[in-house]
Amino acid sequence: MVRTAVAFSPGHISGYFRRVEGAGPEKTGSVGAGVVISEGVRSTVEPARETSVRVVRQGHVSAGSPLIEYALERLGVAARVTTECRLPIGAGFGLSAAALLATLTAVNHLFDLGLSTEEVAARAHEAEVLHRTGLGDVAASRSGGVVCRKGPGIHAEITRIYPREPLYAVSLGALPTASVLSSAEAMERIAAAFPDRCPRDLPDFCRLSRGFAEKSGLIAPEVRRVLEACDAERVPASMTMLGNGVFACGGAAEQVLSPFGEVYTLRVARRGAYLIEVKP
Ligand SMILES: Nc1ncnc2c1ncn2[C@@H]1O[C@H](COP(=O)(O)OP(=O)(O)OP(=O)(O)O)[C@@H](O)[C@H]1O
Ligand SMILES: CC(C)(CO)[C@@H](O)C(=O)[O-]
């Protein structure tokens with residue numbers, strides 16, 4: 001029987017952020033706030049002669065993931081990797097970071113690399129920043145909660161609160177993170193829109209995020225229509241950063257979002273990436 005390791009990492013919805021450029025990927029990232037969510041990525045790995053990645057979502061399989069391939073090469077290992085998720089990719093659910101954290105957690109055990117959880121996160125963060133697929137998602141998804149990141153990278157001070165109420169989200173399509181992070185103009189608008197405080201609770205997170213989204217100029221017309229429907233029912237809501245999607249909180253949110261697509265009911269995660277099993 002082939003030795004196999006399986007791990008899971010929660011995803012992360014970023015509500016507002018500001019890029020922080022440091023000397024090298026370790027000190028580069030973002031400050032901001034987001035919610036680590038119960039849904040994420042499950043990764044199954046087994047040793048192989050060459051690395052290959054299969055990305056499975058709702059029965060649909062695609063091949064390849066440059067950032068996972070990069071991270072495994074840096075570790076000097078080769079594995080057959082299968083990632084599985086329910087949420088859509090590229091839609092602002094932080095799945096690139098979750099795929100990295102889950103895969104590297106599994107690989108660490110599969111090959112007995114002896115990396116600490118901090119080293120696993122450092123390598124995932126490096127791959128994210130270099131590929132421009134995220135800035136603060138790895139730091140957030142290392143643990144659970146509604147997070148407020150006060151510095152860039154995985155060593156920064158992060159506060160976490162754990163509300164029990166769910167968050168609801170719909171996706172209207174992908175918005176490749178790299179396309180926004182590569183635009184100097186978008187980064188300037190984003191920096192000017194940054195609300196300089198941490199959220200008190202989930203509704204406060206939604207409101208601070210909305211103020212940021214409005215000023216950032218990132219809201220596409222189809223996202224605007226959903227936000228207007230939320231406003232009409234006084235449901236606090238904002239845009240998933242960075243995706244064409246909306247998250248909302250409060251009892252009426254599910255009903256208000258439902259005409260616009262599949263509504264995901266998301267719990268605030270209680271913990272970060274973890275190993276599920278190693279066999280045999
Ligand atoms: N589940 C996954 N398994 C493997 N690779 C993934 C997965 N999700 C994302 N990726 C990698 O990340 C790239 C997309 O990155 P992007 O940052 O746009 O998506 P995301 O992380 O889902 O969304 P966001 O960062 O906007 O929250 C994909 O091209 C793929 O290489
Ligand atoms: C850049 C970003 C919005 C992409 O999901 C996220 O990584 C963040 O908040 O830094």
# chains A, B, ... in the order shown; residues from 1 in each chain; ligands from 1
$ residues_around --residues "segment 82-90 of chain A" --least-positions-apart "6" --cutoff "7 Å" --atoms "only C-alpha atoms" --output "PyMOL selection string"
chain A and resi 40-45+53-58+99+174-176+243
$ write_last_selection --atoms "all heavy atoms" --output "short mmCIF file (atom, residue, chain, number, x, y, z; two decimals), in the first residue's frame"
data_model
loop_
_atom_site.label_atom_id
_atom_site.label_comp_id
_atom_site.auth_asym_id
_atom_site.auth_seq_id
_atom_site.Cartn_x
_atom_site.Cartn_y
_atom_site.Cartn_z
N GLY A 40 -12.58 24.95 3.28
CA GLY A 40 -11.23 25.22 2.80
C GLY A 40 -10.79 24.17 1.81
O GLY A 40 -11.56 23.79 0.93
N VAL A 41 -9.56 23.71 1.96
CA VAL A 41 -9.00 22.74 1.02
C VAL A 41 -8.48 21.52 1.78
O VAL A 41 -7.81 21.64 2.80
CB VAL A 41 -7.84 23.37 0.20
CG1 VAL A 41 -7.21 22.33 -0.72
CG2 VAL A 41 -8.34 24.56 -0.61
N ARG A 42 -8.81 20.34 1.22
CA ARG A 42 -8.29 19.08 1.75
C ARG A 42 -7.26 18.60 0.73
O ARG A 42 -7.52 18.61 -0.47
CB ARG A 42 -9.47 18.10 1.84
CG ARG A 42 -9.16 16.73 2.31
CD ARG A 42 -10.46 15.93 2.15
NE ARG A 42 -10.14 14.53 1.98
CZ ARG A 42 -10.25 13.63 2.95
NH1 ARG A 42 -10.71 13.98 4.12
NH2 ARG A 42 -9.93 12.39 2.73
N SER A 43 -6.09 18.20 1.21
CA SER A 43 -5.04 17.78 0.29
C SER A 43 -4.56 16.37 0.63
O SER A 43 -4.31 16.06 1.79
CB SER A 43 -3.87 18.76 0.35
OG SER A 43 -2.88 18.40 -0.58
N THR A 44 -4.46 15.52 -0.39
CA THR A 44 -3.98 14.16 -0.23
C THR A 44 -2.67 14.03 -1.00
O THR A 44 -2.63 14.39 -2.18
CB THR A 44 -5.01 13.16 -0.79
OG1 THR A 44 -6.26 13.39 -0.13
CG2 THR A 44 -4.60 11.71 -0.56
N VAL A 45 -1.62 13.55 -0.33
CA VAL A 45 -0.32 13.46 -1.01
C VAL A 45 0.27 12.07 -0.86
O VAL A 45 0.09 11.40 0.16
CB VAL A 45 0.68 14.51 -0.47
CG1 VAL A 45 0.18 15.92 -0.72
CG2 VAL A 45 0.97 14.34 1.00
N VAL A 53 -0.08 17.76 -9.71
CA VAL A 53 -1.17 18.25 -8.86
C VAL A 53 -2.48 18.11 -9.61
O VAL A 53 -2.61 18.52 -10.77
CB VAL A 53 -0.96 19.74 -8.47
CG1 VAL A 53 -2.05 20.20 -7.52
CG2 VAL A 53 0.42 19.96 -7.85
N ARG A 54 -3.47 17.51 -8.93
CA ARG A 54 -4.84 17.44 -9.46
C ARG A 54 -5.70 18.31 -8.58
O ARG A 54 -5.68 18.16 -7.36
CB ARG A 54 -5.38 16.01 -9.40
CG ARG A 54 -4.79 15.08 -10.44
CD ARG A 54 -5.45 13.70 -10.45
NE ARG A 54 -6.17 13.33 -9.23
CZ ARG A 54 -7.40 12.85 -9.21
NH1 ARG A 54 -8.08 12.68 -10.32
NH2 ARG A 54 -7.97 12.51 -8.06
N VAL A 55 -6.47 19.19 -9.18
CA VAL A 55 -7.34 20.07 -8.40
C VAL A 55 -8.78 19.64 -8.65
O VAL A 55 -9.26 19.69 -9.79
CB VAL A 55 -7.13 21.54 -8.83
CG1 VAL A 55 -8.05 22.47 -8.04
CG2 VAL A 55 -5.67 21.95 -8.65
N VAL A 56 -9.45 19.16 -7.61
CA VAL A 56 -10.80 18.60 -7.77
C VAL A 56 -11.81 19.53 -7.11
O VAL A 56 -11.65 19.92 -5.94
CB VAL A 56 -10.90 17.20 -7.12
CG1 VAL A 56 -12.28 16.60 -7.34
CG2 VAL A 56 -9.82 16.27 -7.66
N ARG A 57 -12.83 19.90 -7.89
CA ARG A 57 -13.91 20.71 -7.32
C ARG A 57 -15.23 20.28 -7.94
O ARG A 57 -15.39 20.35 -9.16
CB ARG A 57 -13.66 22.19 -7.57
CG ARG A 57 -14.77 23.01 -6.99
CD ARG A 57 -14.61 24.49 -7.04
NE ARG A 57 -15.82 25.02 -6.46
CZ ARG A 57 -16.85 25.48 -7.16
NH1 ARG A 57 -16.81 25.54 -8.47
NH2 ARG A 57 -17.94 25.90 -6.54
N GLN A 58 -16.14 19.81 -7.11
CA GLN A 58 -17.47 19.38 -7.54
C GLN A 58 -17.42 18.44 -8.74
O GLN A 58 -18.07 18.68 -9.75
CB GLN A 58 -18.34 20.60 -7.82
CG GLN A 58 -18.59 21.40 -6.56
CD GLN A 58 -19.61 22.51 -6.75
OE1 GLN A 58 -19.84 22.95 -7.87
NE2 GLN A 58 -20.19 22.96 -5.67
N ALA A 99 -4.71 25.72 0.01
CA ALA A 99 -4.14 24.57 -0.73
C ALA A 99 -2.67 24.39 -0.35
O ALA A 99 -2.20 23.26 -0.17
CB ALA A 99 -4.29 24.80 -2.23
N ALA A 174 -14.71 34.65 -10.81
CA ALA A 174 -13.33 34.80 -10.33
C ALA A 174 -12.80 36.21 -10.63
O ALA A 174 -13.30 36.91 -11.51
CB ALA A 174 -12.44 33.77 -11.00
N LEU A 175 -11.82 36.60 -9.84
CA LEU A 175 -11.08 37.84 -10.08
C LEU A 175 -9.64 37.46 -9.73
O LEU A 175 -9.31 37.37 -8.55
CB LEU A 175 -11.61 38.94 -9.15
CG LEU A 175 -10.90 40.29 -9.14
CD1 LEU A 175 -10.98 40.96 -10.50
CD2 LEU A 175 -11.51 41.21 -8.08
N PRO A 176 -8.81 37.17 -10.75
CA PRO A 176 -7.47 36.67 -10.42
C PRO A 176 -6.72 37.66 -9.51
O PRO A 176 -6.56 38.83 -9.85
CB PRO A 176 -6.79 36.54 -11.79
CG PRO A 176 -7.92 36.43 -12.76
CD PRO A 176 -9.04 37.26 -12.20
N GLY A 243 -12.26 38.74 -5.01
CA GLY A 243 -13.07 37.91 -5.89
C GLY A 243 -14.32 38.70 -6.26
O GLY A 243 -14.63 39.70 -5.61
#
$ residues_around --residues "Ile37 of chain A" --least-positions-apart "5" --cutoff "10 Å" --atoms "only C-alpha atoms" --output "list in words"
Ser9, Pro10, Gly11, His12, Ile13, Phe93, Gly94, Ser141, Gly144, Gly145, Val146, Pro166, Leu167, Thr265, Leu266, Arg267, Val268, Ala269, Arg270, Arg271 and Gly272 of chain A
$ write_last_selection --atoms "C-alpha atoms" --output "tab-separated table (two decimals), in the first residue's frame"
chain	number	residue	atom	x	y	z
A	9	SER	CA	-6.67	23.97	5.85
A	10	PRO	CA	-9.45	26.50	6.31
A	11	GLY	CA	-9.91	29.28	3.76
A	12	HIS	CA	-10.04	33.00	4.53
A	13	ILE	CA	-12.25	35.85	3.34
A	93	PHE	CA	-11.97	32.54	-0.36
A	94	GLY	CA	-8.19	32.34	0.09
A	141	SER	CA	-5.35	30.66	8.03
A	144	GLY	CA	-9.03	30.42	13.25
A	145	GLY	CA	-11.23	33.40	14.05
A	146	VAL	CA	-12.09	36.84	12.76
A	166	PRO	CA	-22.33	32.27	10.58
A	167	LEU	CA	-21.31	34.37	7.61
A	265	THR	CA	-23.13	29.24	4.96
A	266	LEU	CA	-19.72	29.62	6.55
A	267	ARG	CA	-18.77	29.20	10.19
A	268	VAL	CA	-15.87	31.06	11.76
A	269	ALA	CA	-13.10	28.43	11.93
A	270	ARG	CA	-11.83	27.52	15.40
A	271	ARG	CA	-8.40	26.36	14.23
A	272	GLY	CA	-5.92	26.44	11.34
$ residues_near_ligand --ligand "ligand 2" --cutoff "6 Å" --atoms "only C-alpha atoms and all ligand atoms" --output "PyMOL selection string"
chain A and resi 14+17+30+92+94+134-137+177+241-242
$ select_by_dssp --residues "segment 31-205 of chain A" --states "helix (DSSP H, G or I)" --output "PyMOL selection string"
chain A and resi 66-75+95-110+117-131+137-141+177-181+184-193+202-205
$ closest_residue --among "A:Pro66, A:Gly22, A:Gly114, A:Gly15" --to "ligand 1" --atoms "only C-alpha atoms and all ligand atoms"
A:Pro66
$ residues_around --residues "Ala213 of chain A" --least-positions-apart "2" --cutoff "9 Å" --atoms "only C-alpha atoms" --output "list in words"
Gly15, Tyr16, Ile190, Ala193, Leu208, Ser209, Arg210, Gly211, Lys215, Ser216, Gly217, Leu218, Ile219, Ser238, Met239 and Met241 of chain A
$ write_last_selection --atoms "C-alpha atoms" --output "compact mmCIF listing (two decimals), in the first residue's frame"
# COMPACT_ATOMS: atom_id res chain seq x y z
CA GLY A 15 -12.52 42.14 4.06
CA TYR A 16 -9.92 44.90 3.89
CA ILE A 190 -6.53 50.37 -1.76
CA ALA A 193 -9.18 53.24 1.52
CA LEU A 208 -15.59 48.33 7.96
CA SER A 209 -15.07 46.09 4.93
CA ARG A 210 -17.85 47.82 3.03
CA GLY A 211 -16.36 51.27 3.63
CA LYS A 215 -13.34 53.61 -1.51
CA SER A 216 -11.11 51.01 -3.17
CA GLY A 217 -12.94 51.26 -6.49
CA LEU A 218 -12.89 47.45 -6.83
CA ILE A 219 -16.66 46.87 -6.84
CA SER A 238 -19.25 43.66 1.44
CA MET A 239 -17.11 42.28 -1.38
CA MET A 241 -11.29 40.39 -1.43
$ select_by_dssp --residues "segment 34-265 of chain A" --states "strand (DSSP E)" --output "VMD selection string"
chain A and resid 34 to 47 52 to 57 60 to 63 79 to 85 146 to 149 158 to 161 167 to 171 237 to 239 245 to 249 264 to 265
$ atom_distance --atom1 "atom CA of Ala124 of chain A" --atom2 "atom CA of Leu101 of chain A"
6.0 Å
$ residues_around --residues "Ala156 of chain A" --least-positions-apart "3" --cutoff "12 Å" --atoms "only C-alpha atoms" --output "compact mmCIF listing (two decimals) with N, CA, C and O atoms, in the first residue's frame"
# COMPACT_ATOMS: atom_id res chain seq x y z
N VAL A 20 1.95 45.60 2.36
CA VAL A 20 3.15 46.09 3.03
C VAL A 20 4.34 45.44 2.32
O VAL A 20 4.43 44.22 2.24
N GLU A 26 9.41 37.23 3.17
CA GLU A 26 9.13 37.01 4.59
C GLU A 26 8.54 38.26 5.25
O GLU A 26 7.66 38.17 6.11
N LYS A 27 9.06 39.42 4.83
CA LYS A 27 8.63 40.67 5.45
C LYS A 27 7.61 41.41 4.58
O LYS A 27 7.25 42.56 4.86
N THR A 28 7.17 40.76 3.50
CA THR A 28 6.16 41.33 2.62
C THR A 28 4.83 40.65 2.91
O THR A 28 4.79 39.47 3.24
N GLY A 29 3.75 41.41 2.81
CA GLY A 29 2.43 40.83 3.06
C GLY A 29 1.41 41.94 3.14
O GLY A 29 1.49 42.91 2.38
N SER A 30 0.47 41.81 4.08
CA SER A 30 -0.52 42.87 4.23
C SER A 30 -0.95 42.98 5.68
O SER A 30 -0.79 42.05 6.46
N VAL A 31 -1.48 44.16 6.00
CA VAL A 31 -2.21 44.33 7.25
C VAL A 31 -3.68 44.34 6.86
O VAL A 31 -4.01 44.62 5.70
N GLY A 32 -4.58 44.05 7.81
CA GLY A 32 -5.99 44.07 7.45
C GLY A 32 -6.79 43.10 8.29
O GLY A 32 -6.29 42.56 9.28
N ALA A 122 5.73 29.54 6.89
CA ALA A 122 6.70 30.44 6.25
C ALA A 122 6.88 30.06 4.78
O ALA A 122 6.94 30.93 3.90
N GLY A 136 -1.99 38.15 2.83
CA GLY A 136 -2.23 37.91 4.25
C GLY A 136 -2.97 36.62 4.55
O GLY A 136 -3.24 36.31 5.71
N VAL A 138 -2.18 33.35 4.28
CA VAL A 138 -1.48 32.29 5.01
C VAL A 138 -1.39 32.66 6.49
O VAL A 138 -1.70 31.84 7.37
N ALA A 139 -1.01 33.91 6.77
CA ALA A 139 -0.92 34.36 8.18
C ALA A 139 -2.26 34.16 8.87
O ALA A 139 -2.33 33.69 10.01
N ALA A 140 -3.35 34.49 8.17
CA ALA A 140 -4.68 34.35 8.76
C ALA A 140 -5.03 32.89 8.99
O ALA A 140 -5.43 32.51 10.10
N VAL A 147 -9.92 37.69 12.10
CA VAL A 147 -8.55 38.09 12.40
C VAL A 147 -8.30 39.55 12.05
O VAL A 147 -8.89 40.09 11.13
N CYS A 148 -7.41 40.16 12.82
CA CYS A 148 -6.93 41.50 12.49
C CYS A 148 -5.40 41.41 12.48
O CYS A 148 -4.78 41.15 13.50
N ARG A 149 -4.85 41.59 11.29
CA ARG A 149 -3.40 41.45 11.12
C ARG A 149 -2.74 42.82 11.22
O ARG A 149 -3.03 43.70 10.43
N LYS A 150 -1.84 42.96 12.19
CA LYS A 150 -1.27 44.29 12.45
C LYS A 150 0.10 44.49 11.82
O LYS A 150 0.72 45.54 11.98
N GLY A 151 0.60 43.48 11.15
CA GLY A 151 1.87 43.59 10.45
C GLY A 151 1.90 42.56 9.34
O GLY A 151 1.02 41.70 9.26
N PRO A 152 2.90 42.63 8.44
CA PRO A 152 2.97 41.66 7.33
C PRO A 152 3.63 40.36 7.75
O PRO A 152 4.44 40.33 8.68
N GLY A 153 3.28 39.28 7.08
CA GLY A 153 3.97 38.00 7.29
C GLY A 153 3.43 37.21 8.46
O GLY A 153 2.54 37.65 9.19
N THR A 159 -4.67 39.63 16.10
CA THR A 159 -5.68 39.37 17.13
C THR A 159 -6.80 38.56 16.49
O THR A 159 -7.10 38.70 15.30
$ residues_around --residues "Glu46 of chain A" --least-positions-apart "5" --cutoff "9 Å" --atoms "only C-alpha atoms" --output "number ranges by chain"
A: 2-5, 78-81, 107, 110
$ closest_residue --among "A:Leu115, A:Thr103, A:Tyr168, A:Cys198" --to "Ser258 of chain A" --atoms "only C-alpha atoms"
A:Tyr168
$ residues_around --residues "Glu254 of chain A" --least-positions-apart "5" --cutoff "10 Å" --atoms "only C-alpha atoms" --output "list in words"
Leu167, Tyr168, Ala169, Val170, Val235, Phe247, Ala248, Cys249, Pro259, Glu262, Val263, Tyr264 and Thr265 of chain A
$ closest_residue --among "A:Ile68, A:Ala106, A:Leu113, A:Val35" --to "ligand 1" --atoms "only C-alpha atoms and all ligand atoms"
A:Ile68
$ closest_residue --among "A:Pro195, A:Pro47, A:Pro203, A:Gly245" --to "ligand 1" --atoms "only C-alpha atoms and all ligand atoms"
A:Gly245
$ residues_around --residues "Glu222 of chain A" --least-positions-apart "6" --cutoff "10 Å" --atoms "only C-alpha atoms" --output "compact mmCIF listing (two decimals) with C-alpha atoms, in the first residue's frame"
# COMPACT_ATOMS: atom_id res chain seq x y z
CA LEU A 172 -20.36 35.75 -9.07
CA GLY A 173 -17.08 34.66 -10.62
CA ASN A 244 -16.31 38.89 -7.58
CA GLY A 245 -18.37 37.86 -4.62
CA PHE A 260 -27.81 35.71 -6.95
$ closest_residue --among "A:Pro236, A:Gly34, A:Pro199, A:Gly251" --to "ligand 1" --atoms "only C-alpha atoms and all ligand atoms"
A:Gly34
$ closest_residue --among "A:Val120, A:Val180, A:Met187, A:Val6" --to "ligand 1" --atoms "only C-alpha atoms and all ligand atoms"
A:Val180
$ atom_distance --atom1 "atom 18 (O, counted along the ligand's line) of ligand 1" --atom2 "atom CA of Thr133 of chain A"
5.5 Å
$ atom_distance --atom1 "atom CA of Arg123 of chain A" --atom2 "atom CA of Ala71 of chain A"
6.9 Å
$ decode --residues "segment 198-277 of chain A" --atoms "C-alpha atoms" --output "short mmCIF file (atom, residue, chain, number, x, y, z; two decimals), in the first residue's frame"
data_model
loop_
_atom_site.label_atom_id
_atom_site.label_comp_id
_atom_site.auth_asym_id
_atom_site.auth_seq_id
_atom_site.Cartn_x
_atom_site.Cartn_y
_atom_site.Cartn_z
CA CYS A 198 -9.75 46.28 13.98
CA PRO A 199 -13.35 44.96 13.88
CA ARG A 200 -15.22 44.57 17.19
CA ASP A 201 -17.52 41.78 15.97
CA LEU A 202 -18.86 40.23 12.75
CA PRO A 203 -21.34 43.04 11.82
CA ASP A 204 -18.61 45.61 12.54
CA PHE A 205 -16.25 43.60 10.27
CA CYS A 206 -18.86 43.71 7.48
CA ARG A 207 -19.31 47.49 7.85
CA LEU A 208 -15.59 48.33 7.96
CA SER A 209 -15.07 46.09 4.93
CA ARG A 210 -17.85 47.82 3.03
CA GLY A 211 -16.36 51.27 3.63
CA PHE A 212 -13.06 49.95 2.32
CA ALA A 213 -14.65 48.26 -0.72
CA GLU A 214 -16.47 51.46 -1.69
CA LYS A 215 -13.34 53.61 -1.51
CA SER A 216 -11.11 51.01 -3.17
CA GLY A 217 -12.94 51.26 -6.49
CA LEU A 218 -12.89 47.45 -6.83
CA ILE A 219 -16.66 46.87 -6.84
CA ALA A 220 -17.80 45.50 -10.21
CA PRO A 221 -21.38 46.24 -11.42
CA GLU A 222 -22.64 42.70 -10.69
CA VAL A 223 -21.24 42.86 -7.14
CA ARG A 224 -22.83 46.30 -6.74
CA ARG A 225 -26.28 44.85 -7.55
CA VAL A 226 -25.96 42.28 -4.75
CA LEU A 227 -24.73 44.90 -2.27
CA GLU A 228 -27.70 47.13 -3.13
CA ALA A 229 -30.09 44.25 -2.43
CA CYS A 230 -28.38 43.79 0.96
CA ASP A 231 -28.62 47.54 1.69
CA ALA A 232 -32.34 47.51 0.94
CA GLU A 233 -32.84 44.89 3.68
CA ARG A 234 -30.27 46.46 6.05
CA VAL A 235 -28.04 43.42 5.82
CA PRO A 236 -24.37 44.32 6.49
CA ALA A 237 -22.40 43.09 3.47
CA SER A 238 -19.25 43.66 1.44
CA MET A 239 -17.11 42.28 -1.38
CA THR A 240 -14.88 39.19 -0.99
CA MET A 241 -11.29 40.39 -1.43
CA LEU A 242 -10.21 39.50 -4.00
CA GLY A 243 -13.07 37.91 -5.89
CA ASN A 244 -16.31 38.89 -7.58
CA GLY A 245 -18.37 37.86 -4.62
CA VAL A 246 -20.28 39.14 -1.61
CA PHE A 247 -20.28 38.14 2.05
CA ALA A 248 -23.00 39.19 4.45
CA CYS A 249 -23.98 38.63 8.04
CA GLY A 250 -27.20 38.47 10.04
CA GLY A 251 -30.32 36.34 9.93
CA ALA A 252 -31.78 37.85 6.74
CA ALA A 253 -28.55 37.49 4.73
CA GLU A 254 -29.21 34.02 3.34
CA GLN A 255 -32.55 34.97 1.84
CA VAL A 256 -31.31 38.25 0.37
CA LEU A 257 -28.32 36.56 -1.29
CA SER A 258 -30.16 33.50 -2.64
CA PRO A 259 -31.43 35.02 -5.95
CA PHE A 260 -27.81 35.71 -6.95
CA GLY A 261 -26.36 32.20 -6.74
CA GLU A 262 -25.57 29.33 -4.42
CA VAL A 263 -25.37 30.69 -0.88
CA TYR A 264 -22.51 29.29 1.21
CA THR A 265 -23.13 29.24 4.96
CA LEU A 266 -19.72 29.62 6.55
CA ARG A 267 -18.77 29.20 10.19
CA VAL A 268 -15.87 31.06 11.76
CA ALA A 269 -13.10 28.43 11.93
CA ARG A 270 -11.83 27.52 15.40
CA ARG A 271 -8.40 26.36 14.23
CA GLY A 272 -5.92 26.44 11.34
CA ALA A 273 -4.42 23.70 9.14
CA TYR A 274 -4.20 20.19 10.59
CA LEU A 275 -3.19 16.66 9.64
CA ILE A 276 -6.15 14.30 9.14
CA GLU A 277 -4.29 11.01 8.70
#
